[in-house]
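Visitor: One structure, as structure tokens, below. Some questions next.
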Amino acid sequence: MSEPSPKNIAVAGGGLAGLAAGCALANAGYRVTLFERRPYLGGRASSYEHPGTGEVVDNCQHVLLGCCTNLIDFYRRLGVENKIRWYDHLTFLEPAGSAEESRASIIGSSSLPAPFHALPSFFGADCLNLSDKLTIASAMAALISSLPHDDGRSFLDWLKQNRQTDRAIDRFWKTILVSALNEDLDRISIPYAAQVIRESFLKSAEAGKMGVPTVPLTELYGVAADYVTARGGEVRLRSSVESFSTHETGVEVVTAGRRERFDSLVLALPYNGIAAILPETAPPAPWRAMLAHFESSPITGIHLWFDRQISGLDHAVLLDRTIQWMFHKSKLLGRTDAGSYVELVVSSSKSLVEKSKQEIVDLALSELREFFPEARSANLIKSTVIKEVHATYSPKPGIDKFRPAPQTPWPRVFLAGDWIATGWPATMEGAVRSGYLAAETLMESLGNNQKILVPDLPAQGLMRLFR
């Protein structure tokens, strides 16, 4: 008796969610056809040759933490885990006067057990005074035992309730959370913020390590095409799913006027792109109402090339200014030329959306020179600005009740995307989790109960007492 032919699965979307779902399904023995409208994979985590500079640039700098277990599993699956450089500390820089060196505070782990592993460096940080540190420590203690629930208030409300000083809010909570969640503190739900703090600062030293890619993003995710095709699948670039309809025996998808039948479909699209392809049947009305509750928050990446080295740091947190992070890309990418290529990141960059490229570059240069004296005499060779206006959904209070499960009202159609219900906010980890969840749910519908989702990183030290 011949073996039954593998199920044919369509995946719409070649971002992290679609790639995670497609690779997991291909590895499980399904024949995957992945559609991506761009000429490259990675979605919002991608790179390309910028026409104005001739340089390969990431659309935005992406980082991960040690607690991102499913993203790390995805890297291992693709064989690119060695292209991530890990750091066990963060450098916080204060702006300096015209002739002064910027003061640095380094917060990292020690040999103390979690949740106290970062305590020595935290209390030694000059960017906060003793009052700031004591209020932060008190708020951290409140997050050790469990995560607070979403009561409709913002995390800024929670911080004020917990008597945080203005400097503690601006130099610690805002610095960490706006970067992690891409939203302002007064628009972040309490559980999301608490989860970031608990995972990155309290759970273990391993969970809080920061990983930075040492290659352009497309080099990380482009190999997913080889992974799928090596397992009998197909990746179609410059090809998008325009619509779909379900039938008793499968799903029909339309791509550029071409109709094809598949056994199942995974929709791995952003929340603001999915409504356009929904069938004109009964379910779309409540779905469109659900989608209407989501809002976007922007990220801006500012790429600058100088004729000389402006810093010996690989990366740094920049305090009290519009720019929030500096990533020294020439050092991270291993470039040996004499110049410096840096990317400056502004999360939740609503104030920059309407500004011109030149206005943003001028602002960035002015602020960068407050932190790095060498930048004052360096010549700017070229620059570009990349705005991701719809970078992530806004993790505002109450949004969780509108995040859908992988199942949809349409038989054999499943959802993936950082905006669906994964238990994580809009991060690369959340996107990969959604892809794995969609693959698990699809396979379960076909009688295959194989598990793909990777467990959370276990707590260490005294945090093992709190589940």
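Letters A, B, ... mark the chains of the structure tokens in the order given; residue numbers begin at 1 per chain; ligand numbers begin at 1, in order shown.
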Counting only C-alpha atoms, which residues in range 97-139 of chain A sit no more than 12 Å from range 298-321 of chain A? For each one, give the nearest pair of atoms and the distance in Å, sorted by chain then residue number, as JSON lines.
Guide:
```
{"residue": "A:Glu101", "atom": "CA", "partner": "A:Ser311", "partner_atom": "CA", "distance": 11.6}
{"residue": "A:Ser102", "atom": "CA", "partner": "A:Leu318", "partner_atom": "CA", "distance": 9.9}
{"residue": "A:Arg103", "atom": "CA", "partner": "A:Leu319", "partner_atom": "CA", "distance": 10.5}
{"residue": "A:Ala104", "atom": "CA", "partner": "A:Ala316", "partner_atom": "CA", "distance": 9.2}
{"residue": "A:Ser105", "atom": "CA", "partner": "A:Val317", "partner_atom": "CA", "distance": 9.7}
{"residue": "A:Ile106", "atom": "CA", "partner": "A:Ala316", "partner_atom": "CA", "distance": 9.6}
{"residue": "A:Ile107", "atom": "CA", "partner": "A:Val317", "partner_atom": "CA", "distance": 10.9}
{"residue": "A:Cys127", "atom": "CA", "partner": "A:Leu319", "partner_atom": "CA", "distance": 8.8}
{"residue": "A:Leu128", "atom": "CA", "partner": "A:Leu319", "partner_atom": "CA", "distance": 11.2}
```
Visitor: Pull the closest atom pair for each residue of range 62-98 of chain A that gets at most 12 Å from range 329-332 of chain A, along with the distance in Å to one decimal, counting only C-alpha atoms, ordering rows by chain and then ascending residue number, as JSON lines.
Guide:
```
{"residue": "A:His62", "atom": "CA", "partner": "A:Lys329", "partner_atom": "CA", "distance": 11.9}
{"residue": "A:Lys83", "atom": "CA", "partner": "A:Leu332", "partner_atom": "CA", "distance": 10.4}
{"residue": "A:Ile84", "atom": "CA", "partner": "A:Leu332", "partner_atom": "CA", "distance": 9.7}
{"residue": "A:Arg85", "atom": "CA", "partner": "A:Leu332", "partner_atom": "CA", "distance": 8.2}
{"residue": "A:Trp86", "atom": "CA", "partner": "A:Leu332", "partner_atom": "CA", "distance": 11.0}
{"residue": "A:Tyr87", "atom": "CA", "partner": "A:Leu332", "partner_atom": "CA", "distance": 11.8}
```
Visitor: In terms of the shortest atom-to-atom distance over only C-alpha atoms, which of A:Met210, A:Val361, A:Leu352, A:Leu267 is closest to Thr91 in chain A?
Guide: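 For Thr91 in chain A, the nearest of the candidates is A:Met210.
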Visitor: Counting only C-alpha atoms, figure out which residue out of A:Gln460, A:Thr255, A:Ser200, A:Ser394 gets nearest to Asn182 in chain A.
Guide: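 With only C-alpha atoms as the atom set, the closest residue is A:Ser394.
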Visitor: To one decimal place, how far is CA of His50 in chain A from CA of Thr384 in chain A in Å?
Guide: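 If I compute the distance from CA of His50 in chain A to CA of Thr384 in chain A, I get 8.5 Å.
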Visitor: Here is a test: counting only C-alpha atoms, which residue of A:Asp157, A:Gly211, A:Leu90, A:Gln164 is nearest to Asp186 in chain A?
Guide: A:Asp157
Visitor: My list of candidates is A:Trp410, A:Phe172, A:Tyr227, A:Tyr221. Which is closest to Leu41 in chain A when distances are computed with only C-alpha atoms?
Guide: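 When distances to Leu41 in chain A are compared using only C-alpha atoms, the smallest one comes from A:Tyr221.
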Visitor: Contacts of range 45-49 of chain A at 6 Å or less, counting only C-alpha atoms, minus same-chain residues fewer than 6 places along, as number ranges by chain?
Guide: A: 55-59, 216-218
Visitor: If you run DSSP on the backbone here, which positions in range 127-182 of chain A get helix (DSSP H, G or I)? Please write them as a PyMOL selection string.
Guide: chain A and resi 130-144+155-161+166-181
Visitor: Extract, using only C-alpha atoms, all DNA, RNA and protein residues at most 12 Å from Pro286 in chain A, discarding same-chain residues fewer than 5 positions from it, and format them as number ranges by chain.
Guide: A: 275, 278, 281, 291-293, 402, 404, 408-409
Visitor: Would you put the residues from that selection into a file with C-alpha atoms, as a short mmCIF file (atom, residue, chain, number, x, y, z; two decimals), in the first residue's frame?
Guide:
```cif
data_model
loop_
_atom_site.label_atom_id
_atom_site.label_comp_id
_atom_site.auth_asym_id
_atom_site.auth_seq_id
_atom_site.Cartn_x
_atom_site.Cartn_y
_atom_site.Cartn_z
CA ALA A 275 -9.34 42.51 6.42
CA LEU A 278 -11.55 38.10 4.08
CA THR A 281 -19.56 35.95 4.18
CA LEU A 291 -9.76 44.54 14.15
CA ALA A 292 -10.96 48.10 14.64
CA HIS A 293 -9.72 48.00 18.25
CA PHE A 402 -9.61 41.46 21.22
CA PRO A 404 -7.94 36.28 18.45
CA THR A 408 -10.91 31.28 12.67
CA PRO A 409 -14.63 31.07 11.72
#
```
Visitor: Suppose you want the space between CA of Val413 in chain A and CA of Ser264 in chain A; what is it in Å?
Guide: 5.9 Å
